[in-house]
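Working notes, beginning with the structure itself.
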Amino acid sequence: MRVSTIVIGVVMLLTVNHRASSAEESPVIDKAVKSAMVDSICLFLSQSYVFEDQGSKIASHMRRQLKKGAYDGVSDPEELAAALTNDLQSINNDRHLRVRYAPQFIAMARRDTVEHAPDPERIRAVQNDNFGFHKVERLPGNIGYLDFRSFQSTLIPGAGQTAVAAMQFLAHSRAIIFDIRQNGGGNPEMIQLISTYLFAEEQHLNDLRSRPENFTHQFWTLSYVPGPRMPDTPVYVLTSNRTFSGAEEFANNLKELKRATLVGEATGGGAHAGQGMIINDYFAMFMPTDEAINPISKSNWEGTGVIPHIAVPADSALDVAYLHALKTLIDAADDDDERGELAALLATKKAELASVEVPVETLAGYQGTYGIRRVFLEDGSLYFQREHSLKLKMLPISPTSFILERVGGQVTFLPDDAGVVLGFELIRAPGDTVRAIRTD
């Protein structure tokens, strides 16, 4: 499929460092070269840019900039690429439109064309990045977490297997958090693969209307994926203003299908797919050629971004999603032990996030024996221990109240008018409260 070929090249252009090494000679970029570059850019715009009328306006602007000498004083190739990119984006703020100084990428792309297969150097680059999969883990409460930074093509050797392994690791999670806060997009086939695990039945994910082909490509979930699916598992997607392109599609698809709760910031606002185009031996251009059309909303997120359900700063999105997942699981639990376990984790996490600081002198005043329980200070933190049981760290939520880490019980110390601690109240669970008198 043409779209797959396009996106492989785009992802590689964006994720691999293609700046020429110091050993390579910088190109001579005179006025004639710049004029030829602008001619090529304008030709690409007129023939293939996703919106024909906008392409004509951008091309006219580029020619005016060239004519008035906007690029005459620019000799550094990186600076020239930046100047061309700024002018390309100045008409309609299309962040997908850009020029890169990329001699290594161009050489590899030409080898791909001749050999009809991705260049080994390109493959190694994405393999060394583990195909964008940076972390998969099990958070307390059996909540799965996957941090991935790009949607690489499933045609790249190892990419599909890595995605399958990650999803199988998450298969028995109570809830799943997908972290795409640093994901710049990629290949629709990888979006299909990961999304399929979240549905029991076939789902229409997205469409791409191609201007060059005058054809609309439909993308659906796959009929088969290795391992179990998770159609009933609560899903959370973390977003930021750096979430872009294919990553935005992934978030938007799940939002429109009411399959996930999005937490974080509005995404970058790049909805159009496209391809990398070679300008000359040193410069390449990325240009949108395909318009995304969601089958439910009949629109896309170009310029606006995908708006999350829960809007919070990106750096706090994981904590917020984790708390929300715990609350959701508590409400759905039909077993008292499971509900108690999750409630303890929720209380512990809230206490950790509260970050209440209590002076060591105050903590020292709580040390003592309280019947069969004792409280003691160790390495600047307060601990609680029942006879012959494990010690539990006490996380402050106020100067007098603490949450017992892991078990979630709340201890509130009871001082008299003079500040002398007489005992404490321990809430082990709703409706289960005991009082302990200080005995030492």
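Ordering of the structure tokens sets the chain letters (A, B, ...), residue numbers begin anew at 1 in every chain, and ligands are numbered from 1 in the order given.
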
According to DSSP computed on the backbone, where in stretch 133-362 of chain A is there alpha helix (DSSP H)? Give the residues as a count of residues only. 69

With only C-alpha atoms as the counted atoms, please give the residues lying no more than 6 Å from stretch 294-303 of chain A, apart from itself and same-chain residues fewer than 5 positions off, as a ChimeraX atom specification. /A:206,269-271

Would you mind exporting the chosen residues as a compact mmCIF listing (two decimals), in the first residue's frame, restricted to C-alpha atoms?
# COMPACT_ATOMS: atom_id res chain seq x y z
CA ASN A 206 -9.76 6.17 10.29
CA GLY A 269 -2.72 19.45 15.64
CA GLY A 270 -1.21 17.64 12.64
CA ALA A 271 -3.86 15.45 11.04

Using only C-alpha atoms, which residues sit within 12 Å of A:Pro359 once same-chain residues fewer than 3 positions away are excluded, as a PyMOL selection string? chain A and resi 356+362-366+377+380-382+396+398-400

Generate a file of the selected residues that holds C-alpha atoms, formatted as a PDB file, in the first residue's frame.
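Final file, result-v1.pdb:
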ATOM      1  CA  VAL A 356       3.301  17.043  53.014  1.00  0.00           C
ATOM      2  CA  THR A 362       7.248  16.685  65.372  1.00  0.00           C
ATOM      3  CA  LEU A 363       7.709  13.158  64.042  1.00  0.00           C
ATOM      4  CA  ALA A 364       9.959  12.322  66.978  1.00  0.00           C
ATOM      5  CA  GLY A 365       7.117  13.258  69.339  1.00  0.00           C
ATOM      6  CA  TYR A 366       4.973  10.471  67.898  1.00  0.00           C
ATOM      7  CA  LEU A 377      11.620   7.121  63.553  1.00  0.00           C
ATOM      8  CA  GLY A 380      13.966  10.725  58.944  1.00  0.00           C
ATOM      9  CA  SER A 381      10.696   8.858  58.270  1.00  0.00           C
ATOM     10  CA  LEU A 382       8.060   7.557  60.631  1.00  0.00           C
ATOM     11  CA  PRO A 396       1.947  12.321  56.044  1.00  0.00           C
ATOM     12  CA  SER A 398      -1.298  16.512  57.535  1.00  0.00           C
ATOM     13  CA  PRO A 399       0.945  17.260  60.542  1.00  0.00           C
ATOM     14  CA  THR A 400      -1.047  14.748  62.636  1.00  0.00           C
TER      15      THR A 400
END

Point out the residue among A:Tyr101, A:Phe44, A:Phe151, A:Tyr236 with the least atom-to-atom distance to A:Val320, counting only C-alpha atoms. A:Tyr236

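If you count only C-alpha atoms and ignore residues fewer than 2 places along the chain from A:Lys67, what sits within 12 Å of it is Lys31, Lys34, Ser35, Val38, Asp39, Ser60, His61, Met62, Arg63, Arg64, Gln65, Gly69, Ala70, Tyr71 and Asp72 of chain A.
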
Using only C-alpha atoms, I'd like a table of the residues in stretch 284-332 of chain A that come within 9 Å of stretch 239-254 of chain A; for each, show the closest atom pair and its distance in Å rounded to one decimal, ordered by chain and ascending number, as a Markdown table.
| residue | atom | partner | partner_atom | distance |
| --- | --- | --- | --- | --- |
| A:Ala292 | CA | A:Glu249 | CA | 8.4 |
| A:Asn294 | CA | A:Asn253 | CA | 7.4 |
| A:Asn300 | CA | A:Asn252 | CA | 8.4 |
| A:Trp301 | CA | A:Glu248 | CA | 8.0 |
| A:Gly305 | CA | A:Glu248 | CA | 7.5 |
| A:Val306 | CA | A:Asn252 | CA | 6.2 |
| A:Ile307 | CA | A:Asn252 | CA | 8.6 |
| A:Pro308 | CA | A:Thr239 | CA | 7.5 |
| A:Pro313 | CA | A:Ser240 | CA | 7.8 |
| A:Ala314 | CA | A:Ser240 | CA | 5.3 |
| A:Asp315 | CA | A:Ser240 | CA | 8.6 |
| A:Ala317 | CA | A:Thr239 | CA | 7.7 |

Residues as selected, C-alpha atoms, written as an mmCIF file, in the first residue's frame, can you do that?
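Contents of the output file part-v6.cif:
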data_model
loop_
_atom_site.group_PDB
_atom_site.id
_atom_site.type_symbol
_atom_site.label_atom_id
_atom_site.label_comp_id
_atom_site.auth_asym_id
_atom_site.auth_seq_id
_atom_site.Cartn_x
_atom_site.Cartn_y
_atom_site.Cartn_z
ATOM 1 C CA ALA A 292 -7.445 12.250 7.694
ATOM 2 C CA ASN A 294 -12.588 10.141 11.105
ATOM 3 C CA ASN A 300 -10.082 15.637 11.991
ATOM 4 C CA TRP A 301 -7.845 17.461 14.469
ATOM 5 C CA GLY A 305 -5.289 19.020 18.274
ATOM 6 C CA VAL A 306 -7.107 16.206 20.028
ATOM 7 C CA ILE A 307 -8.719 17.544 23.195
ATOM 8 C CA PRO A 308 -8.334 15.266 26.254
ATOM 9 C CA PRO A 313 -0.319 19.557 32.526
ATOM 10 C CA ALA A 314 1.512 16.818 30.650
ATOM 11 C CA ASP A 315 4.006 16.189 33.451
ATOM 12 C CA ALA A 317 -0.864 13.198 33.406
#

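Minimum atom-to-atom distances from A:Asn280, A:Ser173, A:Ser389, A:Thr439 to A:Arg110 were compared using only C-alpha atoms, and the lowest value belongs to A:Asn280.
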
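Atom CA of A:Ser46 is found 19.3 Å from atom CA of A:Leu208.
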
Contacts of A:Pro212 at 10 Å (only C-alpha atoms; same-chain gap of 4+ positions) as an NGL selection string: :A and (47-50 or 289-290)

When DSSP works through the backbone of this structure, what residues of stretch 266-432 of chain A end up as strand (DSSP E), shown as a PyMOL selection string? chain A and resi 273-278+283-293+310-311+368-370+373-378+381-386+392-396+401-404+410-415+421-429+432

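The smallest atom-to-atom distance between A:His309 and any of A:Thr261, A:Gln275, A:Thr433, A:Gln203, using only C-alpha atoms, is found for A:Thr261.
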
Expressed in Å to a single decimal, how great is the separation between atom CA of A:Phe424 and atom CA of A:Ile397? 14.9 Å
